[in-house]
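*Asks:* I have a structure here, written as structure tokens, and I will follow up with some questions on it.
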Amino acid sequence: MNRNKATFAVQTACLLTGIWMPVATFAFTNTQIRPAFAQNANPPARVVIVHDPEATEAFQPREDKVFGMVNRGLATLTGKQAPVAAWRSLLSTQDIVGIKVYSSPGPNSGTRLAVAAAVVDGLVAAKIPPEHIIVWDKEEEDLRRAGFFELAARYRIRVEASIAAGYDEKAFYDPDEPILGKLLYGDSEFGRTGEGIGRKSFVSKLVSKSMTKIINLPPLVNHYGAGVSGNLYSLAVGSVDNTGRFEERPDRLAKAVPEIYALPAVGDRVVLNIVDALICQYEGEHTSRLHASAALNELRFSTDPVALDVLSLQELDRQRQAAKLAASTNRFELFSIASELVLGISDPANIQVERIK
């Protein structure tokens with residue numbers, strides 16, 4: 001069958017309360033369909049945590065320390081001691097590499113420049129051409145305010161906003177239970193009228209057409225609906241349009257985030273996740289609040305985005321408890337659904353953590 005011209009829909013399902021229930025219909029073009037259900041015999045998820053007590057000073061990262069932490073973590077995760085060999089085990093010089101940052105909380109609480117710089121430096125050392133490296137997020141203004149354009153000038157790489165690239169009408173998320181969104185300027189269907197307008201979320205052409213691999217660099221920041229602004233939430237919401245309809249209700253977000261991530265045009269491109277846990281912000285979500293933050297001085301590495309997000313949820317709860325705040329109202333359903341969609345491991349007992357000082 002010619003998959004280059006056909007559009008496929010797959011009905012995925014999750015096992016909830018002992019019965020099969022439909023989750024969503026995904027439409028794909030030029031790609032393969034992800035399996036719908038994971039067997040229970042999955043190997044443990046592997047997470048490498050690198051800690052350096054001198055990685056930050058007064059909540060500001062020390063770049064020399066961060067560079068060393070990235071090299072050490074990557075070497076441990078890949079089993080390749082030389083940084084160049086470690087990067088080459090994940091990428092080739094032909095890849096167009098998208099480094100997904102989370103910039104809306106700003107330079108102090110979003111993905112920190114030092115972490116992104118360490119990744120870019122490693123890629124360049126591994127002979128990935130600078131023009132093949134894209135630091136990206138959804139909004140250009142957030143990227144500029146967080147300082148990523150200065151990083152681009154330093155390494156002569158690209159900085160791109162997914163919303164500015166336009167949207168791919170052949171790659172989209174269409175939930176089975178129709179949820180019509182209030183389309184905004186910049187959304188693919190903004191200004192259109194007719195039946196079904198507003199029920200799809202289209203993948204940015206930056207993601208579907210302009211990059212072959214993604215390295216995800218979310219910070220450790222709370223999110224009141226998703227629990228954590230982590231690997232799943234950051235990439236899913238940053239990759240598609242018409243997302244406001246999910247943000248309004250945590251139950252919608254719990255289904256939409258893993259299902260969008262499961263689109264082959266999105267999640268299948270991810271080769272590495274590094275959680276910027278230099279600082280853990282347990283209150284504030286998109287707003288920088290260093291007074292509601294704790295310096296952990298850690299970077300966390302894995303190819304499993306779900307395991308990393310689950311560990312982030314646990315850390316956020318620990319920090320909230322230490323600050324004598326009420327427990328977070330995160331919805332663990334998001335990560336249960338993610339496991340059913342074969343995105344990773346959500347059971348903490350099945351996450352293998354290696355700590356390196």
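Identifiers in the structure tokens: chain A, B, ... in order shown; residue index from 1 per chain; ligand index from 1 in order shown.
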Tell me, which residues of segment 294-331 of chain A carry DSSP helix (DSSP H, G or I), written as a list in words?

*Replies:*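 Selection result, helix (DSSP H, G or I) within segment 294-331 of chain A: Pro305, Val306, Ala307, Leu308, Asp309, Val310, Leu311, Ser312, Leu313, Gln314, Glu315, Leu316, Asp317, Arg318, Gln319, Arg320, Gln321 and Ala322 of chain A.
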
*Asks:* Keeping only C-alpha atoms, write the selected residues as a PDB file, in the first residue's frame.

*Replies:*
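Now in out_27.pdb:
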```pdb
ATOM      1  CA  PRO A 305       9.750  11.213  28.730  1.00  0.00           C
ATOM      2  CA  VAL A 306       7.034   9.730  30.947  1.00  0.00           C
ATOM      3  CA  ALA A 307       9.438   8.445  33.595  1.00  0.00           C
ATOM      4  CA  LEU A 308      11.136  11.836  33.790  1.00  0.00           C
ATOM      5  CA  ASP A 309       7.812  13.647  34.167  1.00  0.00           C
ATOM      6  CA  VAL A 310       6.659  11.259  36.897  1.00  0.00           C
ATOM      7  CA  LEU A 311       9.884  11.895  38.831  1.00  0.00           C
ATOM      8  CA  SER A 312       9.324  15.632  38.342  1.00  0.00           C
ATOM      9  CA  LEU A 313       5.831  15.324  39.817  1.00  0.00           C
ATOM     10  CA  GLN A 314       7.262  13.579  42.864  1.00  0.00           C
ATOM     11  CA  GLU A 315       9.903  16.286  43.266  1.00  0.00           C
ATOM     12  CA  LEU A 316       7.325  19.054  43.010  1.00  0.00           C
ATOM     13  CA  ASP A 317       5.250  17.400  45.718  1.00  0.00           C
ATOM     14  CA  ARG A 318       8.316  17.077  47.962  1.00  0.00           C
ATOM     15  CA  GLN A 319       9.137  20.751  47.549  1.00  0.00           C
ATOM     16  CA  ARG A 320       5.550  21.817  48.178  1.00  0.00           C
ATOM     17  CA  GLN A 321       5.490  19.737  51.331  1.00  0.00           C
ATOM     18  CA  ALA A 322       8.774  21.284  52.496  1.00  0.00           C
TER      19      ALA A 322
END
```

*Asks:* Tell me, as a PyMOL selection string, which residues lie within 8 Å of segment 89-104 of chain A, counting only C-alpha atoms; anything in the same chain fewer than 5 positions away does not count.

*Replies:* chain A and resi 78+110-111+116+126-129+132-137+142-143+146+210-219+234-235+271-272+286-287

*Asks:* Dump C-alpha atoms for the selected residues as a tab-separated table (two decimals), in the first residue's frame?

*Replies:*
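What follows is the written file result07.tsv:
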```
chain	number	residue	atom	x	y	z
A	78	THR	CA	24.71	6.11	26.21
A	110	GLY	CA	12.30	28.42	31.93
A	111	THR	CA	14.90	26.30	30.17
A	116	ALA	CA	20.83	24.71	25.93
A	126	ALA	CA	30.08	16.19	17.06
A	127	LYS	CA	30.18	17.88	13.64
A	128	ILE	CA	26.46	18.59	13.38
A	129	PRO	CA	26.46	21.64	11.07
A	132	HIS	CA	21.23	21.96	11.08
A	133	ILE	CA	20.55	23.00	14.70
A	134	ILE	CA	17.29	24.73	15.60
A	135	VAL	CA	16.42	26.01	19.08
A	136	TRP	CA	12.66	26.33	19.11
A	137	ASP	CA	9.51	26.96	21.08
A	142	ASP	CA	9.24	34.14	24.57
A	143	LEU	CA	12.42	32.88	22.88
A	146	ALA	CA	14.66	34.27	27.40
A	210	SER	CA	11.88	21.06	9.13
A	211	MET	CA	13.53	18.68	11.59
A	212	THR	CA	14.37	14.99	11.74
A	213	LYS	CA	15.30	14.63	15.44
A	214	ILE	CA	14.25	16.42	18.62
A	215	ILE	CA	16.08	16.91	21.91
A	216	ASN	CA	13.64	18.00	24.61
A	217	LEU	CA	14.92	20.40	27.34
A	218	PRO	CA	12.05	21.26	29.71
A	219	PRO	CA	12.69	22.92	33.08
A	234	SER	CA	5.98	21.18	26.60
A	235	LEU	CA	6.43	19.30	23.34
A	271	VAL	CA	15.85	10.95	20.75
A	272	LEU	CA	16.76	12.47	24.12
A	286	HIS	CA	4.28	30.27	33.30
A	287	THR	CA	5.38	33.04	35.70
```

*Asks:* So, with only C-alpha atoms as the atoms that count, which of A:Leu183, A:Leu206, A:Ile274, A:Ala265 lies closest to Ala165 of chain A?

*Replies:*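 Ranked by minimum distance to Ala165 of chain A, first place goes to A:Leu206.
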
*Asks:* Could you name the residues that touch Ile163 of chain A at 8 Å or less, counting only C-alpha atoms, but leaving out those on the same chain fewer than 2 positions away, as a count of residues only?

*Replies:* 10

*Asks:* Can you work out which one of A:Glu63, A:Ala118, A:Pro53, A:Ala152 has the shortest atom-to-atom distance to Pro83 of chain A, counting only C-alpha atoms?

*Replies:*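 Checking each candidate against Pro83 of chain A, we get A:Ala118 as the closest.
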
*Asks:* Using only C-alpha atoms, can you tell me which of A:Ala164, A:Leu334, A:Leu184, A:Val353 comes closest to Asp251 of chain A?

*Replies:*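 Closest residue, counting only C-alpha atoms: A:Leu334.
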
*Asks:* Which residue gives the smallest distance to Ile179 of chain A among A:Glu160, A:Asp121, A:Asn242, A:Gly225, with only C-alpha atoms counted?

*Replies:*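 Ranked by minimum distance to Ile179 of chain A, first place goes to A:Asn242.
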
*Asks:* From a DSSP calculation on the backbone, collect every residue of segment 80-159 of chain A in strand (DSSP E) and output the set as a list in words.

*Replies:*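 Listing strand (DSSP E) positions across segment 80-159 of chain A yields Val97, Gly98, Ile99, Lys100, Val101, Ile133, Ile134, Val135, Trp136, Asp137, Arg158 and Val159 of chain A.
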
*Asks:* Mind writing the picked residues with C-alpha atoms as a compact mmCIF listing (two decimals), in the first residue's frame?

*Replies:*
```txt
# COMPACT_ATOMS: atom_id res chain seq x y z
CA VAL A 97 18.12 18.69 15.14
CA GLY A 98 15.39 20.61 16.93
CA ILE A 99 16.23 21.56 20.52
CA LYS A 100 12.85 22.11 22.19
CA VAL A 101 13.08 24.61 25.03
CA ILE A 133 20.55 23.00 14.70
CA ILE A 134 17.29 24.73 15.60
CA VAL A 135 16.42 26.01 19.08
CA TRP A 136 12.66 26.33 19.11
CA ASP A 137 9.51 26.96 21.08
CA ARG A 158 18.80 28.94 14.09
CA VAL A 159 16.03 30.02 16.45
```

*Asks:* Using only C-alpha atoms, which protein or nucleic acid residues come within 6 Å of segment 347-351 of chain A? Drop anything in the same chain fewer than 2 positions from it, and give the result as an NGL selection string.

*Replies:* :A and (44-45 or 345)

*Asks:* I want to know what sits within 10 Å of Lys182 of chain A, based on only C-alpha atoms, with residues of the same chain fewer than 4 positions away left out; could you give that as a list in words?

*Replies:*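 Contacts, in chain order: Asp187, Phe190, Ile197, Gly198, Arg199, Asn242, Thr243, Gly244 and Arg245 of chain A.
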
*Asks:* Applying 10 Å and only C-alpha atoms, which residues near Arg355 of chain A remain after dropping the ones on its own chain fewer than 3 positions away? List them as a PDB file with N, CA and C atoms, in the first residue's frame.

*Replies:*
```
ATOM      1  N   VAL A  47      16.768   6.322  34.081  1.00  0.00           N
ATOM      2  CA  VAL A  47      16.958   7.753  34.259  1.00  0.00           C
ATOM      3  C   VAL A  47      18.317   7.987  34.910  1.00  0.00           C
ATOM      4  N   VAL A  48      19.106   8.869  34.336  1.00  0.00           N
ATOM      5  CA  VAL A  48      20.402   9.250  34.896  1.00  0.00           C
ATOM      6  C   VAL A  48      20.282  10.661  35.452  1.00  0.00           C
ATOM      7  N   ILE A  49      20.617  10.836  36.728  1.00  0.00           N
ATOM      8  CA  ILE A  49      20.564  12.146  37.372  1.00  0.00           C
ATOM      9  C   ILE A  49      21.973  12.550  37.772  1.00  0.00           C
ATOM     10  N   VAL A  50      22.411  13.685  37.232  1.00  0.00           N
ATOM     11  CA  VAL A  50      23.739  14.217  37.552  1.00  0.00           C
ATOM     12  C   VAL A  50      23.565  15.394  38.503  1.00  0.00           C
ATOM     13  N   HIS A  51      24.261  15.348  39.629  1.00  0.00           N
ATOM     14  CA  HIS A  51      24.157  16.396  40.655  1.00  0.00           C
ATOM     15  C   HIS A  51      25.517  17.037  40.878  1.00  0.00           C
ATOM     16  N   GLY A  73      26.385  13.135  32.075  1.00  0.00           N
ATOM     17  CA  GLY A  73      25.092  12.471  31.988  1.00  0.00           C
ATOM     18  C   GLY A  73      24.904  11.734  30.685  1.00  0.00           C
ATOM     19  N   GLU A 298      20.614  19.828  39.576  1.00  0.00           N
ATOM     20  CA  GLU A 298      20.575  18.530  38.895  1.00  0.00           C
ATOM     21  C   GLU A 298      20.209  18.693  37.422  1.00  0.00           C
ATOM     22  N   ARG A 300      18.646  15.808  34.533  1.00  0.00           N
ATOM     23  CA  ARG A 300      18.087  14.460  34.497  1.00  0.00           C
ATOM     24  C   ARG A 300      17.946  14.009  33.044  1.00  0.00           C
ATOM     25  N   GLN A 352      14.193   3.004  36.948  1.00  0.00           N
ATOM     26  CA  GLN A 352      15.535   2.771  37.479  1.00  0.00           C
ATOM     27  C   GLN A 352      16.319   4.079  37.418  1.00  0.00           C
TER      28      GLN A 352
END
```
